file start-v4.txt (compact mmCIF, C-alpha atoms)
# COMPACT_ATOMS: atom_id res chain seq x y z
CA MET A 289 0.00 0.00 0.00
CA ARG A 290 1.17 3.50 -0.84
CA THR A 291 1.38 5.91 2.11
CA ILE A 292 1.58 9.71 1.83
CA LEU A 293 2.47 11.58 5.02
CA ILE A 294 1.51 15.25 4.69
CA THR A 295 2.76 17.96 7.04
CA GLY A 296 3.67 21.62 7.08
CA PRO A 297 3.79 24.61 9.42
CA GLY A 298 0.61 25.53 11.26
CA GLY A 299 -1.87 27.32 9.04
CA SER A 300 -0.20 26.15 5.81
CA GLY A 301 -3.25 24.22 4.63
CA ARG A 302 -1.89 20.72 5.20
CA THR A 303 -5.32 19.28 6.15
CA THR A 304 -6.90 20.76 3.03
CA THR A 305 -4.08 19.35 0.92
CA ALA A 306 -4.43 15.93 2.52
CA ALA A 307 -8.18 15.93 1.88
CA ALA A 308 -7.74 17.07 -1.73
CA THR A 309 -5.03 14.44 -2.35
CA ALA A 310 -7.21 11.66 -0.94
CA LEU A 311 -10.30 12.81 -2.85
CA ALA A 312 -8.43 13.05 -6.15
CA ALA A 313 -7.08 9.51 -5.79
CA ALA A 314 -10.51 8.18 -4.79
CA ARG A 315 -12.04 9.77 -7.90
CA ASP A 316 -9.55 7.78 -9.96
CA GLY A 317 -10.92 4.59 -8.43
CA VAL A 318 -8.16 4.08 -5.84
CA ARG A 319 -9.44 2.73 -2.51
CA THR A 320 -8.22 5.51 -0.22
CA LEU A 321 -8.17 6.15 3.53
CA VAL A 322 -7.43 9.65 4.84
CA LEU A 323 -6.33 9.69 8.46
CA SER A 324 -6.15 12.73 10.77
CA ALA A 325 -5.12 13.31 14.39
CA ASP A 326 -6.83 16.67 14.93
CA ARG A 327 -9.05 16.89 17.99
CA THR A 328 -11.40 19.20 16.11
CA ASP A 329 -13.01 17.94 12.92
CA THR A 330 -11.11 20.14 10.47
CA LEU A 331 -10.86 17.24 8.06
CA GLY A 332 -14.63 16.75 8.10
CA THR A 333 -15.22 20.45 7.55
CA VAL A 334 -13.03 20.42 4.46
CA LEU A 335 -14.54 17.21 3.09
CA GLY A 336 -18.09 18.18 3.91
CA ALA A 337 -18.64 15.00 5.95
CA ARG A 338 -18.34 14.51 9.70
CA THR A 339 -15.40 12.33 10.77
CA GLY A 340 -14.65 10.66 14.08
CA PRO A 341 -13.42 7.53 15.87
CA THR A 342 -15.43 5.31 13.53
CA PRO A 343 -14.23 5.34 9.90
CA THR A 344 -16.62 7.35 7.72
CA GLN A 345 -17.41 6.35 4.13
CA VAL A 346 -17.27 9.71 2.32
CA THR A 347 -17.53 8.22 -1.19
CA PRO A 348 -17.55 4.60 -2.40
CA THR A 349 -13.73 4.70 -2.65
CA LEU A 350 -12.87 7.26 0.07
CA THR A 351 -12.88 6.63 3.83
CA ALA A 352 -12.02 9.24 6.47
CA TRP A 353 -10.93 8.35 10.01
CA ARG A 354 -10.08 10.50 13.03
CA PRO A 355 -9.20 8.06 15.86
CA ASP A 356 -10.14 8.92 19.46
CA ALA A 357 -7.06 9.31 21.67
CA THR A 358 -9.14 9.29 24.86
CA ALA A 359 -10.71 5.90 24.19
CA GLY A 360 -7.37 4.40 23.21
CA PHE A 361 -5.67 5.75 26.31
CA ARG A 362 -8.42 4.35 28.54
CA ASP A 363 -8.07 0.90 26.99
CA ASP A 364 -4.29 0.93 27.39
CA LEU A 365 -4.52 2.06 31.02
CA ALA A 366 -7.12 -0.60 31.82
CA ALA A 367 -4.90 -3.29 30.30
CA PHE A 368 -1.89 -1.99 32.25
CA GLN A 369 -3.82 -2.03 35.53
CA ASP A 370 -4.88 -5.63 34.89
CA ARG A 371 -1.35 -6.76 34.19
CA ALA A 372 0.11 -4.84 37.15
CA SER A 373 -2.66 -5.81 39.58
CA ARG A 374 -0.31 -7.67 41.95
CA VAL A 375 2.12 -4.78 42.16
CA LEU A 376 -0.69 -2.25 42.63
CA ASP A 377 -2.26 -4.36 45.40
CA LEU A 378 1.13 -4.71 47.11
CA LEU A 379 1.54 -0.93 47.06
CA GLY A 380 -2.00 -0.37 48.28
CA ALA A 381 -2.83 1.66 45.18
CA SER A 382 -6.44 2.19 44.12
CA ARG A 383 -7.33 1.71 40.48
CA LEU A 384 -8.48 4.49 38.20
CA ASP A 385 -11.98 4.26 36.77
CA PRO A 386 -12.35 4.81 33.01
CA GLU A 387 -14.62 7.82 33.60
CA GLU A 388 -11.89 9.76 35.42
CA VAL A 389 -9.18 9.14 32.83
CA THR A 390 -8.05 11.91 30.49
CA PRO A 391 -5.27 11.36 27.92
CA LEU A 392 -1.77 12.45 28.89
CA PRO A 393 0.41 14.59 26.58
CA GLY A 394 1.54 12.45 23.69
CA ALA A 395 -1.54 10.22 23.68
CA GLU A 396 -2.74 11.71 20.37
CA GLU A 397 0.60 10.92 18.73
CA LEU A 398 0.61 7.32 19.95
CA THR A 399 -3.01 6.88 18.88
CA LEU A 400 -2.21 8.16 15.38
CA LEU A 401 0.79 5.85 15.08
CA ARG A 402 -1.28 2.86 16.13
CA ALA A 403 -4.04 3.80 13.68
CA LEU A 404 -1.45 4.22 10.91
CA ARG A 405 -0.06 0.75 11.65
CA ASP A 406 -3.52 -0.84 11.76
CA ALA A 407 -4.53 0.83 8.50
CA ALA A 408 -1.35 -0.29 6.75
CA LEU A 409 -1.74 -3.89 7.91
CA SER A 410 -5.45 -4.17 7.15
CA GLU A 411 -4.95 -4.28 3.35
CA ARG A 412 -8.41 -2.77 2.87
CA HIS A 413 -7.05 0.26 1.06
CA GLU A 414 -4.61 0.92 -1.75
CA LEU A 415 -3.62 4.41 -0.59
CA LEU A 416 -3.23 5.87 2.90
CA VAL A 417 -3.09 9.67 3.18
CA VAL A 418 -2.07 10.86 6.65
CA ASP A 419 -2.77 14.41 7.80
CA LEU A 420 0.13 14.77 10.23
CA PRO A 421 0.30 17.49 12.91
CA PRO A 422 2.26 20.71 12.21
CA THR A 423 5.87 20.16 11.20
CA ALA A 424 7.58 20.26 14.62
CA GLN A 425 5.14 17.76 16.14
CA ALA A 426 5.15 15.65 12.99
CA LEU A 427 8.94 15.31 13.03
CA ALA A 428 8.84 14.25 16.68
CA LEU A 429 6.10 11.77 15.78
CA LEU A 430 8.17 10.21 13.00
CA SER A 431 11.09 9.82 15.43
CA LEU A 432 9.04 8.34 18.26
CA PRO A 433 9.01 4.61 17.34
CA GLU A 434 12.78 4.43 16.85
CA GLU A 435 13.55 6.36 20.04
CA LEU A 436 11.11 4.45 22.22
CA ARG A 437 12.46 1.11 20.98
CA ARG A 438 15.98 2.24 21.83
CA TYR A 439 14.91 3.25 25.35
CA LEU A 440 13.17 -0.09 25.91
CA ARG A 441 16.20 -2.06 24.78
CA ARG A 442 18.50 -0.08 27.07
CA LEU A 443 16.22 -0.29 30.12
CA LEU A 444 14.99 -3.86 29.60
CA PRO A 445 17.43 -5.73 27.36
CA ALA A 446 15.92 -8.80 25.75
CA GLU A 447 18.97 -10.88 26.75
CA ARG A 448 18.04 -10.57 30.43
CA GLN A 449 14.85 -12.51 29.86
CA ALA A 450 16.94 -15.66 29.51
CA ALA A 451 17.77 -15.39 33.22
CA ALA A 452 14.12 -15.56 34.33
CA GLY A 453 14.75 -18.51 36.62
CA LEU A 454 17.65 -16.76 38.29
CA ARG A 455 15.79 -13.56 39.16
CA PRO A 456 14.79 -14.57 42.72
CA VAL A 457 18.41 -15.53 43.47
CA LEU A 458 19.79 -12.40 41.85
CA GLY A 459 17.27 -10.32 43.77
CA ARG A 460 18.44 -11.74 47.09
CA LEU A 461 22.09 -11.25 46.18
CA ALA A 462 21.52 -7.67 44.99
CA GLY A 463 19.24 -6.80 47.88
CA VAL A 464 16.61 -5.31 45.52
CA PRO A 465 13.66 -6.96 43.74
CA MET A 466 14.27 -7.91 40.11
CA PRO A 467 11.79 -6.94 37.35
CA SER A 468 8.79 -9.24 37.11
CA GLU A 469 8.02 -11.38 34.09
CA TRP A 470 5.02 -9.23 33.12
CA LEU A 471 7.32 -6.22 32.78
CA TYR A 472 9.49 -7.99 30.21
CA GLU A 473 6.41 -9.31 28.44
CA THR A 474 4.98 -5.78 28.25
CA ALA A 475 8.29 -4.41 26.95
CA ALA A 476 8.44 -7.15 24.30
CA ARG A 477 4.87 -6.42 23.19
CA TRP A 478 5.59 -2.68 22.97
CA ASP A 479 8.76 -3.38 21.01
CA THR A 480 6.81 -5.49 18.53
CA GLU A 481 4.11 -2.83 18.10
CA LEU A 482 6.64 -0.02 17.72
CA GLY A 483 8.62 -2.13 15.26
CA ALA A 484 5.51 -2.53 13.11
CA VAL A 485 4.96 1.24 13.09
CA GLN A 486 8.62 1.86 12.33
CA ALA A 487 8.43 -0.56 9.40
CA VAL A 488 5.46 1.35 7.93
CA LEU A 489 7.27 4.68 8.24
CA ALA A 490 10.51 3.30 6.80
CA ASP A 491 8.86 1.51 3.87
CA ARG A 492 9.96 2.80 0.48
CA GLN A 493 6.28 3.03 -0.46
CA ALA A 494 5.81 5.73 2.22
CA VAL A 495 6.61 9.32 1.24
CA VAL A 496 6.65 12.58 3.14
CA ARG A 497 5.08 15.58 1.43
CA LEU A 498 5.63 19.13 2.71
CA VAL A 499 3.04 21.91 2.41
CA ALA A 500 4.01 25.56 2.94
CA GLU A 501 2.84 29.00 1.88
CA PRO A 502 5.61 30.76 -0.06
CA GLY A 503 7.07 33.64 1.93
CA PRO A 504 9.70 34.34 4.59
CA ALA A 505 8.02 32.26 7.32
CA GLY A 506 7.38 29.39 4.93
CA THR A 507 10.98 29.45 3.73
CA ASP A 508 12.32 29.19 7.29
CA ALA A 509 9.92 26.35 8.05
CA VAL A 510 10.87 24.43 4.91
CA ARG A 511 14.58 24.71 5.64
CA ALA A 512 14.11 23.43 9.20
CA ALA A 513 11.83 20.61 8.06
CA GLY A 514 14.18 19.55 5.28
CA LEU A 515 17.13 19.35 7.66
CA ALA A 516 15.16 17.42 10.29
CA LEU A 517 13.87 14.95 7.71
CA ALA A 518 17.37 14.47 6.29
CA LEU A 519 18.57 13.51 9.75
CA ARG A 520 15.91 10.78 9.68
CA GLY A 521 17.13 9.57 6.29
CA LEU A 522 14.12 11.11 4.52
CA ARG A 523 13.49 13.68 1.83
CA PRO A 524 10.13 15.18 0.74
CA ASP A 525 8.94 13.69 -2.53
CA LEU A 526 7.20 17.01 -3.29
CA LEU A 527 7.09 20.49 -1.80
CA ILE A 528 3.60 21.88 -2.29
CA ALA A 529 3.47 25.67 -2.38
CA ASN A 530 -0.03 26.46 -1.19
CA ARG A 531 -2.14 29.59 -1.74
CA VAL A 532 -0.10 30.95 -4.64
CA VAL A 533 -1.79 34.22 -5.61
CA PRO A 534 -2.57 35.37 -9.19
CA GLN A 535 -0.23 37.81 -10.92
CA ASP A 536 -2.78 40.65 -10.68
CA TRP A 537 -2.74 40.61 -6.86
CA PRO A 538 -0.68 43.26 -4.95
CA ALA A 539 2.81 43.40 -6.45
CA GLY A 540 4.59 43.10 -3.09
CA LEU A 541 2.91 39.81 -2.24
CA VAL A 542 3.45 38.43 -5.75
CA ALA A 543 7.18 39.29 -5.63
CA GLN A 544 7.54 37.79 -2.15
CA GLN A 545 5.99 34.51 -3.26
CA ARG A 546 8.01 34.41 -6.48
CA LYS A 547 11.26 34.80 -4.53
CA ALA A 548 10.38 31.92 -2.20
CA LEU A 549 9.34 29.69 -5.11
CA GLU A 550 12.60 30.31 -6.98
CA GLU A 551 14.58 29.41 -3.87
CA TRP A 552 12.59 26.22 -3.27
CA GLN A 553 12.91 25.09 -6.88
CA GLU A 554 16.68 24.90 -6.46
CA SER A 555 16.32 22.04 -3.99
CA TYR A 556 12.84 20.50 -4.34
CA ASP A 557 10.27 19.32 -6.83
CA VAL A 558 7.81 22.18 -6.24
CA ARG A 559 4.12 22.03 -7.16
CA THR A 560 1.83 25.03 -6.71
CA LEU A 561 -1.77 25.19 -5.53
CA PRO A 562 -3.80 28.33 -6.30
CA HIS A 563 -5.27 30.74 -3.80
CA LEU A 564 -9.03 30.38 -4.29
CA GLY A 565 -9.82 33.64 -2.53
CA HIS A 566 -11.56 31.71 0.26
CA ASP A 567 -11.04 28.65 2.44
CA PRO A 568 -11.64 25.52 0.34
CA ARG A 569 -14.77 23.59 1.33
CA GLY A 570 -16.34 20.56 -0.34
CA ASP A 571 -15.75 18.57 -3.50
CA ASP A 572 -15.76 21.46 -5.98
CA ASP A 573 -13.16 23.53 -4.12
CA LEU A 574 -10.91 20.53 -3.46
CA GLY A 575 -11.10 19.57 -7.13
CA ALA A 576 -10.21 23.14 -8.16
CA LEU A 577 -6.92 22.88 -6.26
CA ALA A 578 -5.66 20.28 -8.76
CA VAL A 579 -3.29 18.61 -6.30
CA PRO A 580 -0.41 16.51 -7.69
CA GLU A 581 -1.15 12.89 -8.49
CA VAL A 582 0.31 10.06 -6.46
CA ASN A 583 3.70 9.21 -7.98
CA ASP A 584 6.21 6.38 -7.71
CA THR A 585 8.96 8.29 -5.92
CA THR A 586 10.32 7.49 -2.48
CA SER A 587 11.36 9.66 0.47
CA THR A 588 13.99 7.18 1.64
CA VAL A 589 17.56 8.47 1.31
CA GLU A 590 20.50 6.08 1.50
CA TRP A 591 23.50 6.73 3.76
CA PRO A 592 26.22 4.80 1.91
CA VAL A 593 29.58 3.71 3.29
CA VAL A 594 32.24 4.16 0.60
CA ASP A 595 35.46 2.14 0.67
CA HIS A 596 38.60 4.30 0.35
CA LEU A 597 40.88 1.83 2.12
CA ALA A 598 43.16 1.29 -0.87
CA GLU A 599 43.73 5.01 -1.54
CA ASP A 600 43.41 6.72 1.84
CA GLY A 601 43.11 3.90 4.39
CA VAL A 602 39.61 4.96 5.49
CA LEU A 603 35.93 4.17 5.05
CA VAL A 604 33.72 7.22 4.47
CA TRP A 605 30.13 7.37 5.68
CA HIS A 606 28.08 9.78 3.53
CA ILE A 607 25.11 11.38 5.32
CA PRO A 608 23.13 13.86 3.17
CA LEU A 609 22.17 16.92 5.25
CA PRO A 610 20.99 19.62 2.81
CA GLY A 611 20.65 23.00 4.46
CA ALA A 612 23.01 22.19 7.33
CA HIS A 613 25.67 24.68 8.45
CA ARG A 614 29.09 23.62 9.67
CA ASP A 615 28.82 25.45 12.99
CA GLU A 616 25.48 23.71 13.74
CA LEU A 617 26.86 20.18 13.48
CA ASP A 618 28.08 18.02 16.33
CA LEU A 619 29.14 14.36 16.43
CA ILE A 620 29.61 12.08 19.43
CA ARG A 621 30.69 8.44 19.19
CA ARG A 622 29.29 6.20 21.95
CA GLY A 623 30.26 2.59 21.52
CA ASP A 624 28.45 1.26 18.48
CA GLU A 625 26.26 4.37 18.12
CA LEU A 626 26.78 7.84 16.71
CA LEU A 627 24.92 10.88 18.00
CA VAL A 628 24.46 13.38 15.16
CA SER A 629 23.24 16.90 16.00
CA ALA A 630 22.24 19.43 13.37
CA GLY A 631 20.99 22.66 14.87
CA GLN A 632 18.03 21.92 17.14
CA PHE A 633 17.67 18.38 15.79
CA ARG A 634 19.57 15.27 16.77
CA ARG A 635 19.47 11.53 16.21
CA ILE A 636 21.29 8.55 17.69
CA VAL A 637 22.00 6.00 14.97
CA PRO A 638 23.66 2.58 15.13
CA LEU A 639 26.89 2.34 13.20
CA PRO A 640 27.00 0.01 10.18
CA SER A 641 28.74 -3.23 11.15
CA ALA A 642 31.99 -2.45 9.30
CA LEU A 643 32.35 0.93 11.04
CA ARG A 644 32.00 -0.59 14.52
CA ARG A 645 35.52 -1.98 14.09
CA CYS A 646 36.88 1.47 13.25
CA THR A 647 37.80 4.70 14.97
CA VAL A 648 36.58 8.11 13.82
CA ALA A 649 39.35 9.81 11.82
CA GLY A 650 37.56 13.07 10.97
CA ALA A 651 34.50 14.61 9.36
CA ALA A 652 33.64 17.35 6.89
CA LEU A 653 30.52 19.00 5.48
CA ARG A 654 30.74 19.27 1.71
CA GLU A 655 28.05 20.03 -0.86
CA GLY A 656 25.25 19.49 1.66
CA GLU A 657 26.65 16.13 2.74
CA LEU A 658 28.29 15.13 6.02
CA ARG A 659 31.23 12.83 5.29
CA ILE A 660 32.64 10.98 8.29
CA ARG A 661 35.96 9.16 7.90
CA PHE A 662 36.59 5.93 9.80
CA ALA A 663 40.00 4.26 10.12
CA PRO A 664 40.17 0.51 10.85
CA ASP A 665 41.13 -0.31 14.44
CA PRO A 666 44.08 -2.75 14.21
CA ASP A 667 42.87 -4.60 17.31
CA LEU A 668 39.41 -5.21 15.84
CA TRP A 669 39.85 -5.21 12.06
CA PRO A 670 40.20 -8.64 10.40
CA ARG A 671 43.81 -9.35 9.50
CA THR A 672 44.77 -10.25 5.94
CA PRO A 673 46.66 -13.58 5.76
call {"tool": "encode", "arguments": {"input": "start-v4.txt", "output": "structure tokens"}}
result
Amino acid sequence: MRTILITGPGGSGRTTTAAATALAAARDGVRTLVLSADRTDTLGTVLGARTGPTPTQVTPTLTAWRPDATAGFRDDLAAFQDRASRVLDLLGASRLDPEEVTPLPGAEELTLLRALRDAALSERHELLVVDLPPTAQALALLSLPEELRRYLRRLLPAERQAAAGLRPVLGRLAGVPMPSEWLYETAARWDTELGAVQAVLADRQAVVRLVAEPGPAGTDAVRAAGLALALRGLRPDLLIANRVVPQDWPAGLVAQQRKALEEWQESYDVRTLPHLGHDPRGDDDLGALAVPEVNDTTSTVEWPVVDHLAEDGVLVWHIPLPGAHRDELDLIRRGDELLVSAGQFRRIVPLPSALRRCTVAGAALREGELRIRFAPDPDLWPRTP
């Protein structure tokens, strides 16, 4: 199934673009699901059909779904209380009733990720269009599965489960209780669920599409989004310039938009959507936007390791970071992981297997690409007979 993840700065028209993209595909006979995480029914307002926690059939080939974070959080909490009943009873804790539960910060993001996974695995649709939150939240959302899985593996390594029979003995020796079996089972279940979400997001059939209004604020937002996505190994398949005004509008606004468009076209495949003079509502307005068709591109960007051992005695890891500045970059090697910081964004990535037997010999930013040199460690590198 093809997945299109649409995001942009707040007020850029990302929900309208998502709705128009889904509707256009559905009109071509593609079984399409449009998914949104907004608490308010902005998606339904644009489509002209109310959406909610139950998928809504807008047309014979278009379904809209806005999952309920509150209900999902209640179900998760109830399941947790059942599994942890012994611990809660030991502590004398009283259980929370479903009626008094309100979702904690981040519940909407987790609910959207779960819905995205379920939709991708259901095979009921050929196209999934996801109306992501504004760019900053969307980028955090895309990073969440990978980061949570890393935390789980550090806090509750899977290898320790093999010592289940030794936990009582180890607990007495250490003087502290060892984690219970249910805790490891819960961690393993979470890891499996997060892995499924991560697989959907990393699939080459999934693309990220940016929406922005051309202008100074939009230009800053696009640069930040492009850098953050690059750090995730992603690149927008399209940059949609929304609300582009006609040439007979005020000259200052026309010139401002033209400048932004020319700058974006140097780095992205830019498609423009017209300013309709009003907020788009319903089938006719969404059709008038003439959104780009679904294409066969991918947002996945490779980070290749190039062998320069014969010439320079090093392996070079190429990490594309368009828009990065040298003084914004920072690298920290921690065992078999590398922490890469670019401005306000950072990511901890595992080193490719060959580089784990090397030491960092230097790095440089050239032509929008971070190139990290690794020299083989004589104590770890395989010796040539």
call {"tool": "residues_around", "arguments": {"input": "start-v4.txt", "residues": "A:Gly332", "least_positions_apart": "5", "cutoff": "10 Å", "atoms": "all atoms listed in the file", "output": "PyMOL selection string"}}
result
chain A and resi 303+307+324+337-340+344+346+352-354+569-570
call {"tool": "closest_residue", "arguments": {"input": "start-v4.txt", "among": "A:Met289, A:Leu519, A:Leu323, A:Leu653", "to": "A:Arg614", "atoms": "all atoms listed in the file"}}
result
A:Leu653
call {"tool": "residues_around", "arguments": {"input": "start-v4.txt", "residues": "stretch 308-317 of chain A", "least_positions_apart": "6", "cutoff": "10 Å", "atoms": "only C-alpha atoms", "output": "MDAnalysis selection string"}}
result
chainID A and resid 292 294 302 323 334:335 346:352 414:418 568 570:571 573:582
call {"tool": "closest_residue", "arguments": {"input": "start-v4.txt", "among": "A:Glu599, A:Asp567, A:Asp557, A:Glu435", "to": "A:Thr304", "atoms": "only C-alpha atoms"}}
result
A:Asp567
call {"tool": "atom_distance", "arguments": {"input": "start-v4.txt", "atom1": "atom CA of A:Arg523", "atom2": "atom CA of A:Thr586"}}
result
8.2 Å
call {"tool": "residues_around", "arguments": {"input": "start-v4.txt", "residues": "A:Cys646", "least_positions_apart": "5", "cutoff": "8 Å", "atoms": "only C-alpha atoms", "output": "PyMOL selection string"}}
result
chain A and resi 662-665+668-669
call {"tool": "atom_distance", "arguments": {"input": "start-v4.txt", "atom1": "atom CA of A:Ala490", "atom2": "atom CA of A:Leu401"}}
result
13.0 Å
call {"tool": "atom_distance", "arguments": {"input": "start-v4.txt", "atom1": "atom CA of A:Asp406", "atom2": "atom CA of A:Thr342"}}
result
13.5 Å
call {"tool": "closest_residue", "arguments": {"input": "start-v4.txt", "among": "A:Gly483, A:Pro504, A:Pro297, A:Gly656", "to": "A:Pro433", "atoms": "all atoms listed in the file"}}
result
A:Gly483
call {"tool": "axis_aligned_box", "arguments": {"input": "start-v4.txt", "around": "stretch 544-554 of chain A", "padding_each_side": "5 Å", "output": "AutoDock Vina command-line options"}}
result
--center_x 11.3 --center_y 31.3 --center_z -4.6 --size_x 20.7 --size_y 22.9 --size_z 14.8
call {"tool": "closest_residue", "arguments": {"input": "start-v4.txt", "among": "A:Gly298, A:Gly650, A:Pro343, A:Pro666", "to": "A:Leu321", "atoms": "only C-alpha atoms"}}
result
A:Pro343
